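Next comes work.cif, with mmCIF, C-alpha atoms.
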```cif
data_query
#
loop_
_atom_site.label_atom_id
_atom_site.label_comp_id
_atom_site.auth_asym_id
_atom_site.auth_seq_id
_atom_site.Cartn_x
_atom_site.Cartn_y
_atom_site.Cartn_z
CA MET A 24 -99.56 36.18 -53.88
CA LYS A 25 -100.26 33.43 -51.44
CA SER A 26 -97.93 31.10 -53.29
CA HIS A 27 -95.23 33.79 -53.19
CA MET A 28 -95.64 34.26 -49.46
CA LEU A 29 -95.36 30.51 -48.90
CA LYS A 30 -92.09 30.46 -50.76
CA ARG A 31 -90.78 33.36 -48.69
CA ALA A 32 -91.90 31.65 -45.50
CA ALA A 33 -90.24 28.45 -46.54
CA PHE A 34 -87.00 30.27 -47.26
CA ALA A 35 -87.22 32.16 -43.98
CA ALA A 36 -87.36 28.83 -42.15
CA ILE A 37 -83.85 28.00 -43.35
CA THR A 38 -81.63 29.32 -40.56
CA PRO A 39 -77.93 30.13 -40.79
CA ALA A 40 -77.24 26.96 -38.84
CA LEU A 41 -79.02 24.92 -41.45
CA LEU A 42 -77.14 26.65 -44.22
CA LEU A 43 -73.84 25.61 -42.61
CA GLN A 44 -74.83 21.98 -42.39
CA PHE A 45 -73.35 19.66 -44.98
CA THR A 46 -72.84 15.99 -45.50
CA PRO A 47 -69.16 15.18 -45.17
CA ALA A 48 -67.53 13.07 -47.78
CA GLN A 49 -67.09 9.50 -46.66
CA ALA A 50 -63.54 8.98 -45.30
CA ALA A 51 -61.38 6.89 -47.52
CA ALA A 52 -60.44 3.49 -46.09
CA PRO A 53 -56.80 3.46 -44.88
CA VAL A 54 -54.42 1.76 -47.25
CA ALA A 55 -52.38 -0.92 -45.53
CA VAL A 56 -48.67 -0.20 -45.93
CA LYS A 57 -46.54 -3.29 -45.92
CA PRO A 58 -43.42 -2.90 -43.78
CA LYS A 59 -40.20 -2.97 -45.71
CA PRO A 60 -38.44 -6.31 -45.41
CA PRO A 61 -35.32 -6.11 -43.24
CA VAL A 62 -31.95 -5.88 -44.92
CA LEU A 63 -30.12 -9.09 -44.17
CA SER A 64 -26.85 -8.56 -46.02
CA CYS A 65 -23.62 -6.68 -45.34
CA THR A 66 -21.09 -5.03 -47.61
CA THR A 67 -17.70 -5.40 -45.95
CA ALA A 68 -16.08 -8.68 -44.89
CA THR A 69 -13.39 -9.17 -42.26
CA ALA A 70 -10.68 -11.82 -42.23
CA GLU A 71 -12.38 -13.56 -39.30
CA GLY A 72 -15.60 -14.15 -41.25
CA LEU A 73 -17.71 -11.30 -39.88
CA SER A 74 -19.36 -8.93 -42.38
CA TYR A 75 -20.72 -5.47 -41.64
CA THR A 76 -22.32 -2.39 -43.14
CA VAL A 77 -21.87 1.11 -41.74
CA ILE A 78 -25.40 2.53 -41.56
CA LYS A 79 -24.23 5.66 -39.77
CA PRO A 80 -20.59 6.42 -38.88
CA GLY A 81 -19.69 7.40 -35.36
CA ASN A 82 -16.81 9.37 -33.93
CA ASP A 83 -14.36 9.30 -31.04
CA ASP A 84 -12.76 6.11 -29.70
CA ARG A 85 -13.70 2.47 -30.20
CA PRO A 86 -14.41 0.00 -27.38
CA ASN A 87 -12.04 -2.89 -26.73
CA ALA A 88 -12.52 -6.42 -25.43
CA GLU A 89 -12.53 -5.16 -21.82
CA SER A 90 -15.07 -2.35 -22.39
CA LYS A 91 -18.62 -2.18 -21.09
CA VAL A 92 -20.96 -0.84 -23.78
CA THR A 93 -24.43 0.70 -23.87
CA VAL A 94 -26.30 -0.10 -27.10
CA ASN A 95 -29.62 -0.30 -28.86
CA TYR A 96 -29.81 -3.51 -30.87
CA LYS A 97 -32.05 -5.84 -32.81
CA GLY A 98 -31.16 -9.42 -33.65
CA MET A 99 -32.62 -11.34 -36.62
CA LEU A 100 -32.19 -14.71 -38.28
CA SER A 101 -30.39 -14.29 -41.57
CA ALA A 102 -32.54 -17.01 -43.18
CA ASP A 103 -35.87 -15.16 -43.00
CA GLY A 104 -35.45 -11.97 -40.95
CA THR A 105 -37.27 -13.33 -37.89
CA GLU A 106 -36.49 -11.06 -34.94
CA PHE A 107 -35.33 -13.09 -31.95
CA ASP A 108 -34.06 -10.39 -29.60
CA SER A 109 -33.84 -6.62 -29.10
CA GLY A 110 -32.83 -4.14 -26.46
CA GLN A 111 -32.76 -0.41 -25.70
CA ALA A 112 -29.86 1.11 -23.77
CA ALA A 113 -28.70 -2.44 -22.98
CA GLN A 114 -25.42 -2.71 -21.08
CA PHE A 115 -22.95 -5.58 -21.20
CA SER A 116 -19.25 -6.35 -21.47
CA VAL A 117 -17.79 -6.76 -24.94
CA GLY A 118 -16.00 -9.89 -23.82
CA GLY A 119 -19.25 -11.43 -22.59
CA VAL A 120 -21.08 -11.74 -25.92
CA ILE A 121 -20.73 -14.08 -28.92
CA PRO A 122 -17.47 -13.63 -30.86
CA GLY A 123 -19.03 -12.05 -33.96
CA PHE A 124 -20.92 -9.45 -31.92
CA ALA A 125 -17.80 -8.67 -29.87
CA GLN A 126 -15.73 -8.22 -33.04
CA GLY A 127 -18.36 -5.92 -34.54
CA LEU A 128 -18.58 -3.73 -31.45
CA GLN A 129 -14.83 -3.14 -31.57
CA LEU A 130 -15.19 -1.79 -35.13
CA MET A 131 -17.71 0.85 -34.04
CA GLN A 132 -17.38 4.36 -32.67
CA VAL A 133 -19.80 6.11 -30.32
CA GLY A 134 -22.84 7.42 -32.18
CA GLY A 135 -22.43 4.91 -34.98
CA SER A 136 -24.99 2.43 -36.30
CA TYR A 137 -23.81 -0.80 -37.90
CA ARG A 138 -25.38 -3.89 -39.40
CA LEU A 139 -23.45 -7.01 -38.40
CA CYS A 140 -23.78 -10.24 -40.39
CA ILE A 141 -22.51 -13.00 -38.12
CA PRO A 142 -21.91 -16.52 -39.44
CA ALA A 143 -22.92 -19.40 -37.20
CA ALA A 144 -19.27 -20.17 -36.44
CA LEU A 145 -18.98 -16.74 -34.75
CA GLY A 146 -22.43 -17.02 -33.17
CA TYR A 147 -24.09 -19.95 -31.43
CA GLY A 148 -22.70 -22.64 -33.74
CA ALA A 149 -24.12 -26.12 -34.00
CA ALA A 150 -25.73 -25.93 -30.55
CA GLY A 151 -27.99 -22.92 -31.14
CA THR A 152 -29.86 -21.45 -28.19
CA GLY A 153 -33.50 -20.67 -27.41
CA PRO A 154 -35.17 -19.30 -30.57
CA ILE A 155 -31.90 -19.52 -32.52
CA PRO A 156 -31.64 -22.84 -34.37
CA ALA A 157 -28.46 -24.80 -34.87
CA ASN A 158 -26.00 -23.43 -37.44
CA ALA A 159 -27.98 -20.21 -37.83
CA ASP A 160 -26.38 -17.13 -39.38
CA LEU A 161 -27.43 -13.96 -37.59
CA VAL A 162 -27.92 -10.28 -38.41
CA PHE A 163 -27.75 -7.52 -35.80
CA GLU A 164 -28.48 -3.84 -36.19
CA VAL A 165 -26.60 -1.99 -33.47
CA ASP A 166 -26.40 1.62 -32.24
CA LEU A 167 -23.38 2.24 -30.02
CA LEU A 168 -24.53 4.83 -27.48
CA SER A 169 -21.51 4.88 -25.16
CA PHE A 170 -18.88 2.74 -23.50
CA THR A 171 -16.58 2.73 -20.50
CA ASN A 172 -13.25 1.01 -19.91
CA PRO A 173 -12.28 -0.57 -16.58
CA PRO A 174 -9.31 0.93 -14.75
CA PRO A 175 -6.00 -0.65 -15.77
CA LYS A 176 -4.96 -3.70 -13.80
CA PRO A 177 -2.01 -3.25 -11.45
CA VAL A 178 1.35 -4.50 -12.69
CA ILE A 179 4.11 -6.12 -10.63
CA PRO A 180 7.45 -4.36 -11.40
CA VAL A 181 9.97 -6.35 -13.46
CA ALA A 182 12.40 -6.59 -10.55
CA GLU A 183 9.71 -8.25 -8.39
CA ARG A 184 8.56 -10.97 -10.81
CA SER A 185 11.35 -13.55 -10.78
CA CYS A 186 12.83 -16.06 -8.32
CA SER A 187 16.51 -16.68 -7.60
CA GLN A 188 16.17 -20.11 -5.95
CA SER A 189 14.29 -23.31 -6.75
CA THR A 190 13.36 -26.62 -5.17
CA ALA A 191 13.95 -30.14 -6.48
CA THR A 192 10.46 -30.10 -8.02
CA GLY A 193 11.27 -26.98 -10.06
CA LEU A 194 9.30 -24.59 -7.85
CA GLY A 195 11.07 -21.22 -7.84
CA PHE A 196 11.01 -19.03 -4.77
CA GLU A 197 12.26 -15.74 -3.41
CA ILE A 198 12.11 -14.71 0.26
CA VAL A 199 10.58 -11.24 0.22
CA LYS A 200 10.24 -11.03 4.01
CA SER A 201 11.50 -13.60 6.51
CA ALA A 202 9.92 -14.33 9.88
CA ALA A 203 10.49 -16.64 12.84
CA GLY A 204 6.87 -17.64 13.34
CA LYS A 205 5.32 -21.09 13.49
CA LYS A 206 5.89 -23.50 10.62
CA PRO A 207 2.80 -25.15 9.08
CA VAL A 208 1.84 -28.79 9.65
CA ASP A 209 -0.72 -30.91 7.82
CA GLY A 210 -3.47 -30.28 10.37
CA ASP A 211 -3.20 -26.50 10.09
CA MET A 212 -5.33 -23.99 8.26
CA ALA A 213 -3.25 -21.20 6.74
CA LEU A 214 -4.48 -17.62 6.68
CA VAL A 215 -2.85 -15.94 3.72
CA ASP A 216 -2.81 -12.88 1.51
CA PHE A 217 -1.86 -13.70 -2.06
CA THR A 218 -1.40 -12.02 -5.41
CA ILE A 219 -1.33 -14.03 -8.64
CA PHE A 220 0.30 -12.30 -11.61
CA ASP A 221 1.31 -13.05 -15.18
CA ALA A 222 4.91 -14.27 -15.13
CA ASN A 223 5.83 -12.33 -18.28
CA THR A 224 3.83 -9.10 -18.18
CA GLY A 225 3.44 -8.76 -14.40
CA ILE A 226 -0.29 -7.99 -14.79
CA VAL A 227 -2.16 -8.92 -11.61
CA GLN A 228 -4.72 -11.64 -12.35
CA GLN A 229 -6.14 -12.21 -8.87
CA LYS A 230 -5.70 -10.78 -5.42
CA SER A 231 -7.14 -12.05 -2.16
CA GLU A 232 -6.78 -11.20 1.53
CA TRP A 233 -7.23 -13.41 4.60
CA GLU A 234 -7.89 -16.49 2.52
CA LYS A 235 -8.37 -19.60 4.66
CA ILE A 236 -6.59 -22.64 3.20
CA PRO A 237 -6.51 -26.01 5.00
CA LEU A 238 -3.14 -27.50 4.08
CA ARG A 239 -4.59 -30.95 3.44
CA GLN A 240 -6.92 -29.49 0.81
CA ALA A 241 -4.29 -27.35 -0.92
CA SER A 242 -2.85 -28.39 -4.28
CA PRO A 243 0.51 -30.19 -4.03
CA ILE A 244 2.49 -27.23 -5.32
CA PHE A 245 0.72 -24.75 -3.01
CA ARG A 246 1.21 -27.10 -0.07
CA GLU A 247 4.91 -27.27 -0.91
CA SER A 248 5.00 -23.48 -1.01
CA LEU A 249 3.31 -23.03 2.36
CA ASN A 250 5.48 -25.66 4.01
CA MET A 251 8.55 -23.54 3.20
CA MET A 252 7.14 -20.52 5.03
CA SER A 253 6.81 -19.35 8.63
CA ALA A 254 3.94 -17.31 10.00
CA GLY A 255 4.59 -13.64 9.26
CA SER A 256 6.77 -14.26 6.20
CA THR A 257 6.23 -13.25 2.57
CA TYR A 258 7.51 -15.33 -0.34
CA ARG A 259 7.34 -15.04 -4.10
CA PHE A 260 6.84 -18.35 -5.87
CA CYS A 261 7.57 -18.97 -9.55
CA MET A 262 5.63 -21.89 -10.97
CA PRO A 263 7.62 -24.62 -12.73
CA LYS A 264 7.91 -24.18 -16.47
CA THR A 265 5.72 -26.24 -18.75
CA GLN A 266 7.04 -28.71 -21.29
CA ASP A 267 7.29 -25.98 -23.93
CA GLY A 268 9.42 -23.86 -21.58
CA THR A 269 6.83 -21.21 -20.76
CA GLN A 270 5.47 -19.95 -17.45
CA SER A 271 1.93 -18.78 -16.98
CA SER A 272 1.47 -17.31 -13.51
CA ASN A 273 3.55 -16.58 -10.42
CA ILE A 274 2.29 -15.80 -6.93
CA ILE A 275 3.26 -13.65 -3.94
CA VAL A 276 2.10 -15.12 -0.61
CA THR A 277 2.07 -13.66 2.89
CA LEU A 278 1.45 -16.28 5.59
CA ILE A 279 -0.46 -14.23 8.15
CA ASP A 280 -1.21 -16.92 10.71
CA LEU A 281 -1.70 -20.64 11.30
CA ARG A 282 -4.69 -22.16 13.09
CA PRO A 283 -5.92 -25.70 13.60
CA ALA A 284 -8.06 -26.68 10.63
CA PRO A 285 -11.72 -27.41 11.46
CA ALA A 286 -12.44 -31.12 11.86
CA ALA A 287 -14.54 -31.17 8.67
CA ASP A 288 -11.52 -29.97 6.68
CA ASN A 289 -9.12 -32.63 8.00
#
```

Mind converting the file's structure to structure tokens?
Amino acid sequence: MKSHMLKRAAFAAITPALLLQFTPAQAAAPVAVKPKPPVLSCTTATAEGLSYTVIKPGNDDRPNAESKVTVNYKGMLSADGTEFDSGQAAQFSVGGVIPGFAQGLQLMQVGGSYRLCIPAALGYGAAGTGPIPANADLVFEVDLLSFTNPPPKPVIPVAERSCSQSTATGLGFEIVKSAAGKKPVDGDMALVDFTIFDANTGIVQQKSEWEKIPLRQASPIFRESLNMMSAGSTYRFCMPKTQDGTQSSNIIVTLIDLRPAPAADN
């Protein structure tokens, strides 16, 4: 009887809390997962030497050489997959990057992901740069998030591009607006507005206002141009043709005023 009571007492000492206690199984050690090696090849070749793979197609328009893009990218060495650069929502001009990258961006559409395989000739060439060795082929993975295009450049109308007269040196000129102001001398500084434009397309390449030009520091052809003018006049000048018969740029100049050039400029 006593033994029976002892057993009951021993059982009664086991509380519900004790019944719920258990020894957890020992957690399994995590298994190291090796990262997949990067893919360093592309499927489609272009005539220029760039190759690419469309990882994910995009839609809408493609950027051009003048566009500013926003991208995610990762750059690797083709030889061993070493990552040398990356960026998130990076912004830059298409025309400001290496040729192979610029060509690849112009193949893409917004929302697309491409792998670009860029030979050294379209990358950093024999010089290399930073962590990129000489003659290194490169691989970029690129997401094109968005892009913007600059506003179109102004264009000079066809009727306002040419010159009807020329000097003995071959400099063409057209008097757009005559004036009876002071004529320049070598010691003067000319204050001018000017517009440089492509002689064939009329696209404006540069425009400047109130530019200060000491005559003695001007190029011979620009000095010849200014010496023809009077303060207040506007002329169009057509640059002499090159040996192959082409013209690159013409210029419209307004001579606003003439002042004595500072002593340091004489």

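For the pair CA of Asn223 in chain A and CA of Val276 in chain A, the separation is 18.3 Å.
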
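You will find CA of Ser169 in chain A at 12.0 Å from CA of Ser116 in chain A.
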
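Note that CA of Asn82 in chain A and CA of Pro61 in chain A are 25.9 Å apart.
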
TODO: Please identify all polymer residues lying at most 8 Å from the point (1.8, -11.1, -11.3) (file coordinates), using all atoms listed in the file, and present the result as a list of chain:residue names.
DONE: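 Taken together, the residues in range are A:Val178, A:Ile179, A:Arg184, A:Thr218, A:Ile219, A:Phe220, A:Asp221, A:Ala222, A:Thr224, A:Gly225, A:Ile226, A:Val227, A:Gln228, A:Ser272, A:Asn273, A:Ile274, A:Ile275.
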
Written as a ChimeraX atom specification, which residues does the PyMOL selection byres ((chain A and resi 155) around 10) give for the file shown?
/A:99-100,105-108,146-148,150-154,156-161

**Message:** Running the PyMOL selection byres ((chain A and resi 247-255) around 7) on this model by hand, what would come out? Give it as a ChimeraX atom specification.
**Reply:** /A:202-207,243-246,256-257,277-281

- request: Fewer than 2 positions away in the same chain doesn't count, so skip those; otherwise give me all residues within 7 Å of range 233-241 of chain A, counting all atoms listed in the file, as number ranges by chain.
  value: A: 209-216, 231, 243, 245-246, 284, 288-289

>> Selection in question (the file shown): the PyMOL selection byres ((chain A and resi 71) around 9). Which residues does it include, as JSON, numbers by chain?
In response: {"A": [68, 69, 70, 72, 73, 74, 123, 126, 145]}

Find the smallest box with edges along x, y and z containing every listed atom of range 110-125 of chain A, then add 3 Å on each side and report centre and edge lengths in Å to one decimal, as JSON.
```
{"center_x": -24.4, "center_y": -6.5, "center_z": -27.5, "size_x": 22.8, "size_y": 21.2, "size_z": 18.9}
```

Problem set entry | Neighbour list for Thr190 in chain A as a PyMOL selection string, cut-off 10 Å, only C-alpha atoms, skip fewer than 3 positions in-chain | chain A and resi 193-196+247-248+263

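Using all atoms listed in the file, the shortest contact distance between Lys264 in chain A and any of A:Ser201, A:Tyr137, A:Ser189, A:Ala113 is found at A:Ser189.
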
Counting only C-alpha atoms, the residue among A:Gly98, A:Tyr258, A:Pro175, A:Cys186 that lies closest to Lys200 in chain A is A:Tyr258

request  = Mind checking which residues fall within 6 Å of Gly81 in chain A, counting all atoms listed in the file, ignoring those fewer than 4 positions away in the same chain, and posting them as a ChimeraX atom specification?
outcome  = /A:132-135

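Among the candidate residues A:Ser90, A:Gly104, A:Pro173, A:Gln229, the one lying nearest to Lys59 in chain A is A:Gly104, with distances computed using all atoms listed in the file.
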
The residue from A:Phe217, A:Thr192, A:Leu168, A:Cys65 with the smallest atom-to-atom distance to Glu232 in chain A, counting all atoms listed in the file, is A:Phe217

For range 84-88 of chain A, list every protein, DNA or RNA residue within 10 Å, evaluated using all atoms listed in the file, and leave out those in the same chain fewer than 6 positions away; present the list as a PyMOL selection string. chain A and resi 116-119+125-126+128-133+167+169-172
